[in-house]
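One file, run.cif, is given below (mmCIF, C-alpha atoms, pLDDT in the B column; chains and numbers go by the auth columns).
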data_protein
#
loop_
_atom_site.group_PDB
_atom_site.id
_atom_site.type_symbol
_atom_site.label_atom_id
_atom_site.label_comp_id
_atom_site.label_asym_id
_atom_site.label_seq_id
_atom_site.Cartn_x
_atom_site.Cartn_y
_atom_site.Cartn_z
_atom_site.B_iso_or_equiv
_atom_site.auth_seq_id
_atom_site.auth_asym_id
ATOM 1 C CA MET A 1 -96.285 -25.447 -19.817 51.00 53 I
ATOM 2 C CA ARG A 2 -94.501 -28.805 -19.928 50.00 54 I
ATOM 3 C CA LEU A 3 -97.551 -30.325 -21.598 47.00 55 I
ATOM 4 C CA ILE A 4 -97.504 -27.589 -24.255 53.00 56 I
ATOM 5 C CA VAL A 5 -93.834 -28.234 -24.981 51.00 57 I
ATOM 6 C CA ALA A 6 -94.388 -31.979 -25.143 49.00 58 I
ATOM 7 C CA ILE A 7 -97.338 -31.692 -27.508 48.00 59 I
ATOM 8 C CA LEU A 8 -95.587 -29.235 -29.811 50.00 60 I
ATOM 9 C CA ALA A 9 -92.396 -31.271 -29.820 50.00 61 I
ATOM 10 C CA CYS A 10 -94.426 -34.287 -30.834 44.00 62 I
ATOM 11 C CA HIS A 11 -95.968 -32.342 -33.721 45.00 63 I
ATOM 12 C CA VAL A 12 -92.539 -31.167 -34.852 44.00 64 I
ATOM 13 C CA ALA A 13 -91.045 -34.631 -34.614 43.00 65 I
ATOM 14 C CA ILE A 14 -93.738 -36.317 -36.696 35.00 66 I
ATOM 15 C CA SER A 15 -94.135 -33.462 -39.178 42.00 67 I
ATOM 16 C CA ALA A 16 -91.890 -35.161 -41.745 39.00 68 I
ATOM 17 C CA ALA A 17 -94.720 -37.584 -42.406 36.00 69 I
ATOM 18 C CA TYR A 18 -96.867 -34.718 -43.634 37.00 70 I
ATOM 19 C CA ILE A 19 -94.221 -32.745 -45.551 37.00 71 I
ATOM 20 C CA SER A 20 -94.379 -33.128 -49.292 39.00 72 I
ATOM 21 C CA SER A 21 -91.393 -34.079 -51.408 33.00 73 I
ATOM 22 C CA GLU A 22 -91.356 -30.458 -52.589 38.00 74 I
ATOM 23 C CA ASP A 23 -90.690 -29.309 -49.018 39.00 75 I
ATOM 24 C CA LEU A 24 -87.806 -31.745 -48.684 34.00 76 I
ATOM 25 C CA GLU A 25 -86.030 -30.693 -51.860 38.00 77 I
ATOM 26 C CA LYS A 26 -82.776 -28.829 -51.523 39.00 78 I
ATOM 27 C CA PRO A 27 -82.814 -25.161 -52.610 40.00 79 I
ATOM 28 C CA SER A 28 -82.286 -24.749 -56.337 40.00 80 I
ATOM 29 C CA SER A 29 -80.156 -22.058 -57.910 37.00 81 I
ATOM 30 C CA ALA A 30 -83.358 -20.252 -58.878 39.00 82 I
ATOM 31 C CA ASP A 31 -84.557 -20.200 -55.269 44.00 83 I
ATOM 32 C CA LYS A 32 -82.023 -17.841 -53.751 43.00 84 I
ATOM 33 C CA PRO A 33 -81.390 -18.139 -50.012 44.00 85 I
ATOM 34 C CA VAL A 34 -82.468 -15.250 -47.821 43.00 86 I
ATOM 35 C CA HIS A 35 -78.762 -14.607 -47.079 43.00 87 I
ATOM 36 C CA GLU A 36 -75.523 -16.505 -47.028 46.00 88 I
ATOM 37 C CA LYS A 37 -75.677 -17.515 -43.381 52.00 89 I
ATOM 38 C CA ASN A 38 -79.061 -19.187 -43.660 56.00 90 I
ATOM 39 C CA HIS A 39 -79.621 -22.407 -45.526 77.00 91 I
ATOM 40 C CA CYS A 40 -83.407 -22.030 -45.866 87.00 92 I
ATOM 41 C CA THR A 41 -84.968 -20.191 -48.800 86.00 93 I
ATOM 42 C CA ARG A 42 -87.865 -17.771 -48.417 81.00 94 I
ATOM 43 C CA SER A 43 -90.301 -20.335 -49.799 83.00 95 I
ATOM 44 C CA GLU A 44 -89.050 -22.899 -47.267 88.00 96 I
ATOM 45 C CA LEU A 45 -89.339 -20.370 -44.448 87.00 97 I
ATOM 46 C CA MET A 46 -92.881 -19.440 -45.435 84.00 98 I
ATOM 47 C CA ARG A 47 -93.928 -23.077 -45.639 87.00 99 I
ATOM 48 C CA MET A 48 -92.392 -23.493 -42.196 91.00 100 I
ATOM 49 C CA GLY A 49 -94.566 -20.642 -40.944 91.00 101 I
ATOM 50 C CA GLY A 50 -97.656 -22.288 -42.386 92.00 102 I
ATOM 51 C CA ARG A 51 -96.839 -25.567 -40.653 92.00 103 I
ATOM 52 C CA LEU A 52 -96.250 -23.758 -37.356 93.00 104 I
ATOM 53 C CA VAL A 53 -99.697 -22.167 -37.604 93.00 105 I
ATOM 54 C CA LYS A 54 -101.206 -25.596 -38.189 92.00 106 I
ATOM 55 C CA TRP A 55 -99.421 -26.922 -35.096 91.00 107 I
ATOM 56 C CA PHE A 56 -100.631 -23.930 -33.069 91.00 108 I
ATOM 57 C CA LYS A 57 -104.205 -24.691 -34.125 91.00 109 I
ATOM 58 C CA ASP A 58 -103.851 -28.369 -33.264 91.00 110 I
ATOM 59 C CA VAL A 59 -102.283 -27.744 -29.851 90.00 111 I
ATOM 60 C CA HIS A 60 -104.794 -24.990 -29.049 89.00 112 I
ATOM 61 C CA ALA A 61 -107.652 -27.328 -29.904 88.00 113 I
ATOM 62 C CA GLN A 62 -106.236 -30.049 -27.641 86.00 114 I
ATOM 63 C CA GLU A 63 -105.644 -27.787 -24.661 79.00 115 I
ATOM 64 C CA SER A 64 -108.510 -27.061 -22.290 63.00 116 I
ATOM 65 C CA GLY A 65 -108.940 -23.851 -20.336 60.00 117 I
ATOM 66 C CA ALA A 66 -109.697 -20.224 -21.147 62.00 118 I
ATOM 67 C CA ASP A 67 -107.470 -18.147 -23.391 69.00 119 I
ATOM 68 C CA HIS A 68 -105.369 -15.546 -21.606 70.00 120 I
ATOM 69 C CA THR A 69 -105.526 -11.900 -22.595 72.00 121 I
ATOM 70 C CA LEU A 70 -102.540 -10.785 -24.647 73.00 122 I
ATOM 71 C CA LYS A 71 -100.374 -7.893 -23.566 72.00 123 I
ATOM 72 C CA LEU A 72 -101.191 -4.572 -25.200 74.00 124 I
ATOM 73 C CA HIS A 73 -100.674 -4.868 -28.945 77.00 125 I
ATOM 74 C CA SER A 74 -101.637 -2.993 -32.106 81.00 126 I
ATOM 75 C CA VAL A 75 -101.291 -5.714 -34.759 83.00 127 I
ATOM 76 C CA PRO A 76 -104.359 -7.955 -35.237 85.00 128 I
ATOM 77 C CA CYS A 77 -103.607 -11.413 -33.882 89.00 129 I
ATOM 78 C CA ARG A 78 -105.041 -14.812 -34.743 89.00 130 I
ATOM 79 C CA VAL A 79 -106.467 -16.627 -31.717 89.00 131 I
ATOM 80 C CA GLU A 80 -104.163 -19.642 -31.899 91.00 132 I
ATOM 81 C CA VAL A 81 -101.102 -17.450 -32.563 93.00 133 I
ATOM 82 C CA GLY A 82 -101.825 -15.177 -29.610 91.00 134 I
ATOM 83 C CA TRP A 83 -102.593 -18.167 -27.401 91.00 135 I
ATOM 84 C CA MET A 84 -99.269 -19.791 -28.268 92.00 136 I
ATOM 85 C CA PHE A 85 -97.424 -16.539 -27.510 93.00 137 I
ATOM 86 C CA ASN A 86 -98.774 -16.676 -23.972 91.00 138 I
ATOM 87 C CA GLN A 87 -97.626 -20.282 -23.564 89.00 139 I
ATOM 88 C CA TRP A 88 -94.006 -19.351 -24.379 91.00 140 I
ATOM 89 C CA ASP A 89 -94.002 -16.047 -22.479 92.00 141 I
ATOM 90 C CA GLY A 90 -93.009 -17.602 -19.170 90.00 142 I
ATOM 91 C CA ASN A 91 -92.337 -14.369 -17.285 91.00 143 I
ATOM 92 C CA GLN A 92 -95.346 -12.600 -18.857 89.00 144 I
ATOM 93 C CA ASP A 93 -93.331 -9.554 -19.891 91.00 145 I
ATOM 94 C CA GLY A 94 -94.899 -9.341 -23.351 90.00 146 I
ATOM 95 C CA LYS A 95 -91.697 -10.458 -25.117 93.00 147 I
ATOM 96 C CA LEU A 96 -90.279 -13.825 -26.110 95.00 148 I
ATOM 97 C CA SER A 97 -86.593 -14.165 -25.287 94.00 149 I
ATOM 98 C CA LYS A 98 -84.192 -16.599 -26.902 90.00 150 I
ATOM 99 C CA ALA A 99 -84.359 -18.722 -23.741 92.00 151 I
ATOM 100 C CA GLU A 100 -88.172 -18.877 -23.882 93.00 152 I
ATOM 101 C CA LEU A 101 -88.112 -19.790 -27.579 91.00 153 I
ATOM 102 C CA ARG A 102 -85.395 -22.427 -27.270 88.00 154 I
ATOM 103 C CA PRO A 103 -87.816 -25.404 -26.938 84.00 155 I
ATOM 104 C CA ILE A 104 -89.560 -24.593 -30.219 82.00 156 I
ATOM 105 C CA GLU A 105 -86.389 -23.572 -32.074 79.00 157 I
ATOM 106 C CA ARG A 106 -84.282 -26.565 -31.077 74.00 158 I
ATOM 107 C CA GLY A 107 -86.868 -29.370 -30.903 62.00 159 I
ATOM 108 C CA GLY A 108 -87.857 -31.825 -33.596 63.00 160 I
ATOM 109 C CA ASN A 109 -86.597 -32.370 -37.124 71.00 161 I
ATOM 110 C CA GLU A 110 -87.537 -29.044 -38.729 79.00 162 I
ATOM 111 C CA ALA A 111 -84.364 -27.337 -39.936 82.00 163 I
ATOM 112 C CA CYS A 112 -85.998 -23.971 -40.687 89.00 164 I
ATOM 113 C CA VAL A 113 -87.811 -23.319 -37.391 90.00 165 I
ATOM 114 C CA GLU A 114 -85.054 -21.247 -35.794 89.00 166 I
ATOM 115 C CA GLU A 115 -84.487 -19.168 -38.921 89.00 167 I
ATOM 116 C CA PHE A 116 -88.203 -18.468 -39.275 91.00 168 I
ATOM 117 C CA ILE A 117 -88.541 -17.401 -35.641 91.00 169 I
ATOM 118 C CA ASP A 118 -85.444 -15.169 -35.904 90.00 170 I
ATOM 119 C CA MET A 119 -87.022 -13.501 -38.940 89.00 171 I
ATOM 120 C CA CYS A 120 -89.959 -12.373 -36.772 92.00 172 I
ATOM 121 C CA ASP A 121 -87.707 -9.960 -34.850 92.00 173 I
ATOM 122 C CA ASP A 122 -88.151 -7.157 -37.382 89.00 174 I
ATOM 123 C CA MET A 123 -89.925 -4.155 -35.797 89.00 175 I
ATOM 124 C CA VAL A 124 -87.466 -3.410 -33.015 88.00 176 I
ATOM 125 C CA VAL A 125 -84.477 -5.625 -33.787 89.00 177 I
ATOM 126 C CA ASP A 126 -83.351 -6.412 -30.249 91.00 178 I
ATOM 127 C CA GLY A 127 -83.020 -10.191 -30.066 90.00 179 I
ATOM 128 C CA SER A 128 -86.463 -10.707 -28.541 94.00 180 I
ATOM 129 C CA ILE A 129 -89.908 -10.940 -30.155 95.00 181 I
ATOM 130 C CA SER A 130 -92.708 -8.649 -29.036 94.00 182 I
ATOM 131 C CA VAL A 131 -96.423 -9.442 -29.206 92.00 183 I
ATOM 132 C CA ASP A 132 -96.784 -7.301 -32.333 92.00 184 I
ATOM 133 C CA GLU A 133 -93.791 -8.933 -34.033 93.00 185 I
ATOM 134 C CA TRP A 134 -95.094 -12.413 -33.234 95.00 186 I
ATOM 135 C CA CYS A 135 -98.650 -11.707 -34.419 93.00 187 I
ATOM 136 C CA ASP A 136 -97.470 -9.943 -37.583 93.00 188 I
ATOM 137 C CA CYS A 137 -95.040 -12.728 -38.448 92.00 189 I
ATOM 138 C CA PHE A 138 -97.804 -15.335 -38.699 93.00 190 I
ATOM 139 C CA THR A 139 -100.507 -13.169 -40.302 90.00 191 I
ATOM 140 C CA PHE A 140 -100.008 -14.470 -43.851 89.00 192 I
ATOM 141 C CA SER A 141 -97.767 -17.472 -43.237 85.00 193 I
ATOM 142 C CA ASP A 142 -100.432 -19.885 -44.484 82.00 194 I
ATOM 143 C CA ASP A 143 -101.960 -17.510 -47.048 85.00 195 I
ATOM 144 C CA LEU A 144 -99.081 -16.207 -49.160 83.00 196 I
ATOM 145 C CA ARG A 145 -101.319 -15.529 -52.175 86.00 197 I
ATOM 146 C CA HIS A 146 -102.879 -12.611 -50.304 90.00 198 I
ATOM 147 C CA GLU A 147 -99.729 -11.322 -48.597 92.00 199 I
ATOM 148 C CA PRO A 148 -99.562 -7.510 -49.061 94.00 200 I
ATOM 149 C CA PRO A 149 -96.438 -6.048 -50.722 95.00 201 I
ATOM 150 C CA CYS A 150 -94.881 -4.314 -47.710 95.00 202 I
ATOM 151 C CA HIS A 151 -95.352 -7.318 -45.452 93.00 203 I
ATOM 152 C CA LYS A 152 -93.714 -9.511 -48.098 92.00 204 I
ATOM 153 C CA ALA A 153 -90.794 -7.120 -48.611 94.00 205 I
ATOM 154 C CA LYS A 154 -90.149 -6.867 -44.870 92.00 206 I
ATOM 155 C CA HIS A 155 -90.059 -10.648 -44.497 88.00 207 I
ATOM 156 C CA ASP A 156 -87.933 -11.117 -47.606 88.00 208 I
ATOM 157 C CA VAL A 157 -84.805 -9.987 -45.784 87.00 209 I
ATOM 158 C CA ASP A 158 -82.925 -10.905 -42.626 87.00 210 I
ATOM 159 C CA PRO A 159 -83.628 -8.092 -40.118 89.00 211 I
ATOM 160 C CA HIS A 160 -80.313 -8.780 -38.359 87.00 212 I
ATOM 161 C CA LEU A 161 -78.110 -7.967 -41.350 89.00 213 I
ATOM 162 C CA LEU A 162 -76.216 -4.698 -40.942 88.00 214 I
ATOM 163 C CA GLY A 163 -77.626 -1.955 -43.163 90.00 215 I
ATOM 164 C CA VAL A 164 -80.663 -3.911 -44.361 91.00 216 I
ATOM 165 C CA PHE A 165 -83.721 -1.867 -45.340 94.00 217 I
ATOM 166 C CA LEU A 166 -86.887 -2.785 -43.443 93.00 218 I
ATOM 167 C CA PRO A 167 -89.883 -0.921 -44.880 95.00 219 I
ATOM 168 C CA ARG A 168 -92.533 0.629 -42.653 93.00 220 I
ATOM 169 C CA CYS A 169 -95.852 -1.150 -43.070 92.00 221 I
ATOM 170 C CA ASP A 170 -99.355 -0.274 -41.916 90.00 222 I
ATOM 171 C CA LEU A 171 -101.543 -2.706 -39.987 86.00 223 I
ATOM 172 C CA GLU A 172 -102.862 -4.180 -43.245 89.00 224 I
ATOM 173 C CA GLY A 173 -99.378 -4.949 -44.564 91.00 225 I
ATOM 174 C CA PHE A 174 -99.170 -2.123 -47.120 94.00 226 I
ATOM 175 C CA TYR A 175 -96.511 0.587 -47.202 95.00 227 I
ATOM 176 C CA LYS A 176 -96.717 3.638 -44.990 93.00 228 I
ATOM 177 C CA PRO A 177 -96.094 6.872 -46.964 94.00 229 I
ATOM 178 C CA GLU A 178 -92.883 7.866 -45.171 94.00 230 I
ATOM 179 C CA GLN A 179 -89.856 5.628 -45.652 95.00 231 I
ATOM 180 C CA CYS A 180 -86.291 6.260 -44.459 95.00 232 I
ATOM 181 C CA HIS A 181 -83.013 4.393 -44.749 94.00 233 I
ATOM 182 C CA ASP A 182 -79.314 5.227 -44.483 92.00 234 I
ATOM 183 C CA GLY A 183 -79.788 8.992 -44.320 93.00 235 I
ATOM 184 C CA ASN A 184 -82.354 9.157 -47.128 95.00 236 I
ATOM 185 C CA CYS A 185 -86.129 9.551 -46.844 95.00 237 I
ATOM 186 C CA TRP A 186 -88.859 9.451 -49.468 95.00 238 I
ATOM 187 C CA CYS A 187 -92.605 9.119 -49.987 95.00 239 I
ATOM 188 C CA VAL A 188 -94.339 6.077 -51.465 95.00 240 I
ATOM 189 C CA ASP A 189 -97.832 4.893 -52.276 94.00 241 I
ATOM 190 C CA ARG A 190 -99.326 1.917 -50.464 93.00 242 I
ATOM 191 C CA TYR A 191 -97.643 -0.448 -52.942 95.00 243 I
ATOM 192 C CA GLY A 192 -94.164 0.968 -52.282 96.00 244 I
ATOM 193 C CA ARG A 193 -93.832 3.028 -55.470 95.00 245 I
ATOM 194 C CA GLU A 194 -91.748 6.132 -54.820 96.00 246 I
ATOM 195 C CA PHE A 195 -93.217 9.538 -55.669 94.00 247 I
ATOM 196 C CA ASP A 196 -91.139 11.721 -57.959 93.00 248 I
ATOM 197 C CA LYS A 197 -88.998 14.403 -56.310 92.00 249 I
ATOM 198 C CA SER A 198 -89.957 13.251 -52.820 93.00 250 I
ATOM 199 C CA ARG A 199 -86.500 11.971 -51.812 95.00 251 I
ATOM 200 C CA VAL A 200 -84.554 14.078 -49.296 95.00 252 I
ATOM 201 C CA GLN A 201 -81.345 13.605 -47.308 95.00 253 I
ATOM 202 C CA ASN A 202 -80.822 13.900 -43.550 93.00 254 I
ATOM 203 C CA THR A 203 -84.313 15.190 -42.894 93.00 255 I
ATOM 204 C CA LEU A 204 -87.796 13.751 -42.658 92.00 256 I
ATOM 205 C CA PRO A 205 -89.876 13.799 -45.857 91.00 257 I
ATOM 206 C CA ASP A 206 -92.984 15.929 -46.303 89.00 258 I
ATOM 207 C CA CYS A 207 -95.547 13.352 -47.392 91.00 259 I
ATOM 208 C CA GLY A 208 -98.503 15.362 -46.123 82.00 260 I
ATOM 209 C CA GLN A 209 -100.207 15.383 -49.509 77.00 261 I
ATOM 210 C CA TYR A 210 -100.152 11.581 -49.527 72.00 262 I
ATOM 211 C CA ALA A 211 -100.874 10.820 -45.877 69.00 263 I
ATOM 212 C CA SER A 212 -102.267 11.976 -42.558 65.00 264 I
ATOM 213 C CA ASP A 213 -100.046 13.587 -39.928 73.00 265 I
ATOM 214 C CA MET A 214 -97.358 11.376 -38.407 78.00 266 I
ATOM 215 C CA THR A 215 -97.503 10.457 -34.753 81.00 267 I
ATOM 216 C CA GLU A 216 -94.638 11.191 -32.358 83.00 268 I
ATOM 217 C CA GLU A 217 -93.820 7.487 -32.451 80.00 269 I
ATOM 218 C CA ASP A 218 -93.607 7.601 -36.274 81.00 270 I
ATOM 219 C CA ILE A 219 -91.280 10.607 -36.144 82.00 271 I
ATOM 220 C CA ALA A 220 -89.004 9.028 -33.534 83.00 272 I
ATOM 221 C CA PHE A 221 -88.830 5.776 -35.519 76.00 273 I
ATOM 222 C CA LEU A 222 -87.878 7.587 -38.730 81.00 274 I
ATOM 223 C CA ARG A 223 -85.288 9.786 -37.037 83.00 275 I
ATOM 224 C CA GLU A 224 -83.487 6.635 -35.899 79.00 276 I
ATOM 225 C CA ARG A 225 -82.982 5.754 -39.555 76.00 277 I
ATOM 226 C CA LEU A 226 -81.440 9.062 -40.591 74.00 278 I
#
Structure encoded using structure tokens:
Amino acid sequence: MRLIVAILACHVAISAAYISSEDLEKPSSADKPVHEKNHCTRSELMRMGGRLVKWFKDVHAQESGADHTLKLHSVPCRVEVGWMFNQWDGNQDGKLSKAELRPIERGGNEACVEEFIDMCDDMVVDGSISVDEWCDCFTFSDDLRHEPPCHKAKHDVDPHLLGVFLPRCDLEGFYKPEQCHDGNCWCVDRYGREFDKSRVQNTLPDCGQYASDMTEEDIAFLRERL
């Protein structure tokens, strides 16, 4: 584990040599910060994610030994991303705590690392990052041109802000039909466009004509948002 931390810290520390002048520019008025607390814009955060994936690939390639099996997860996971999750998950509980993430968040010269990692905590906002949250967070971080609309919308906001709307996405990054927020529910197509007369208050929407039956997990998740 110490070797992993040392290698990654080295990559972070020397990364400035590979960052373009565009990456080093201060946010312009046209590039609105994700929220007032953060000083990194979305474009800066996404470029940070792309650089992290590159470091994961480099470290994974340098490390010998067999990959460990990830804890049970539903989101597809890139090999190097899943491998790195296991390196940080010291107690093997399938979640990354703030203490386990501290070496990557606090090391090196990258100002946006901590903000990017915090942004990954967006499925169950509990201060830790699950396998699914980790894998999902890096899915399109180095391929923003093909990022699906729901995945983009979910990562456009800070999940820790009170009252923020986090859309429900399917495994491909498109919108699930049933969406709920602040006592309101409605039905959407896979691109997030709301269907006419589908919005209801204080009850779950009937999107059966647009989707298959919801699972018990789906129902419980939506009820929490009413």
Compute the distance from (-98.8, -1.7, -54.4) to each atom, counting only C-alpha atoms, keep the residues with any atom at most 8 Å away, and return them as a PyMOL selection string; use the coordinates of the file. chain I and resi 200-201+226-227+241-245
Here's the selection I'm unsure about, the PyMOL selection byres ((chain I and resi 120-129) around 7); applied to the file above, which residues does it give, as a ChimeraX atom specification? /I:118-119,130-131,133-135,146,183-184,187-188,223
I need the output of the PyMOL selection byres ((chain I and resi 205) around 10) for this file as a PyMOL selection string; which residues are they? chain I and resi 199-204+206-209+217-221+225-227+244
Generate a file of the selected residues that holds C-alpha atoms, formatted as a CSV table (one decimal), in the coordinates of the input.
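As written to disk, selection07.csv reads:
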chain,number,residue,atom,x,y,z
I,199,GLU,CA,-99.7,-11.3,-48.6
I,200,PRO,CA,-99.6,-7.5,-49.1
I,201,PRO,CA,-96.4,-6.0,-50.7
I,202,CYS,CA,-94.9,-4.3,-47.7
I,203,HIS,CA,-95.4,-7.3,-45.5
I,204,LYS,CA,-93.7,-9.5,-48.1
I,206,LYS,CA,-90.1,-6.9,-44.9
I,207,HIS,CA,-90.1,-10.6,-44.5
I,208,ASP,CA,-87.9,-11.1,-47.6
I,209,VAL,CA,-84.8,-10.0,-45.8
I,217,PHE,CA,-83.7,-1.9,-45.3
I,218,LEU,CA,-86.9,-2.8,-43.4
I,219,PRO,CA,-89.9,-0.9,-44.9
I,220,ARG,CA,-92.5,0.6,-42.7
I,221,CYS,CA,-95.9,-1.2,-43.1
I,225,GLY,CA,-99.4,-4.9,-44.6
I,226,PHE,CA,-99.2,-2.1,-47.1
I,227,TYR,CA,-96.5,0.6,-47.2
I,244,GLY,CA,-94.2,1.0,-52.3
Let me know the residues the PyMOL selection byres ((chain I and resi 99) around 10) catches in the file above, as a compact mmCIF listing (two decimals) with C-alpha atoms, keeping the file's coordinate frame.
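File written: expr.txt
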# COMPACT_ATOMS: atom_id res chain seq x y z
CA ILE I 71 -94.22 -32.74 -45.55
CA ASP I 75 -90.69 -29.31 -49.02
CA THR I 93 -84.97 -20.19 -48.80
CA ARG I 94 -87.86 -17.77 -48.42
CA SER I 95 -90.30 -20.34 -49.80
CA GLU I 96 -89.05 -22.90 -47.27
CA LEU I 97 -89.34 -20.37 -44.45
CA MET I 98 -92.88 -19.44 -45.44
CA MET I 100 -92.39 -23.49 -42.20
CA GLY I 101 -94.57 -20.64 -40.94
CA GLY I 102 -97.66 -22.29 -42.39
CA ARG I 103 -96.84 -25.57 -40.65
CA LEU I 104 -96.25 -23.76 -37.36
CA VAL I 105 -99.70 -22.17 -37.60
CA CYS I 164 -86.00 -23.97 -40.69
CA PHE I 168 -88.20 -18.47 -39.28
CA SER I 193 -97.77 -17.47 -43.24
CA ASP I 194 -100.43 -19.89 -44.48
CA ASP I 195 -101.96 -17.51 -47.05
CA LEU I 196 -99.08 -16.21 -49.16
Please list, as a short mmCIF file (atom, residue, chain, number, x, y, z; two decimals) with C-alpha atoms, in the coordinates of the input, the residues that have an atom at most 10 Å away from (-82.4, 4.6, -36.4) in the coordinates of this file, counting all atoms listed in the file.
data_model
loop_
_atom_site.label_atom_id
_atom_site.label_comp_id
_atom_site.auth_asym_id
_atom_site.auth_seq_id
_atom_site.Cartn_x
_atom_site.Cartn_y
_atom_site.Cartn_z
CA CYS I 232 -86.29 6.26 -44.46
CA HIS I 233 -83.01 4.39 -44.75
CA ASP I 234 -79.31 5.23 -44.48
CA GLY I 235 -79.79 8.99 -44.32
CA ALA I 272 -89.00 9.03 -33.53
CA PHE I 273 -88.83 5.78 -35.52
CA LEU I 274 -87.88 7.59 -38.73
CA ARG I 275 -85.29 9.79 -37.04
CA GLU I 276 -83.49 6.64 -35.90
CA ARG I 277 -82.98 5.75 -39.56
CA LEU I 278 -81.44 9.06 -40.59
#
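Of the residues listed (I:Ser149, I:Ser180, I:His112, I:Gln231), I:Gln231 shows the shortest atom-to-atom separation from I:Pro257; distances use all atoms listed in the file.
Pairwise distance (atom CA of I:Gly260, atom CA of I:Glu224) equals 20.2 Å.
Going from atom CA of I:Cys239 over to atom CA of I:Arg251, you cover 7.0 Å.
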In Å, how far is it from atom CA of I:Val216 to atom CA of I:Val177? 11.4 Å
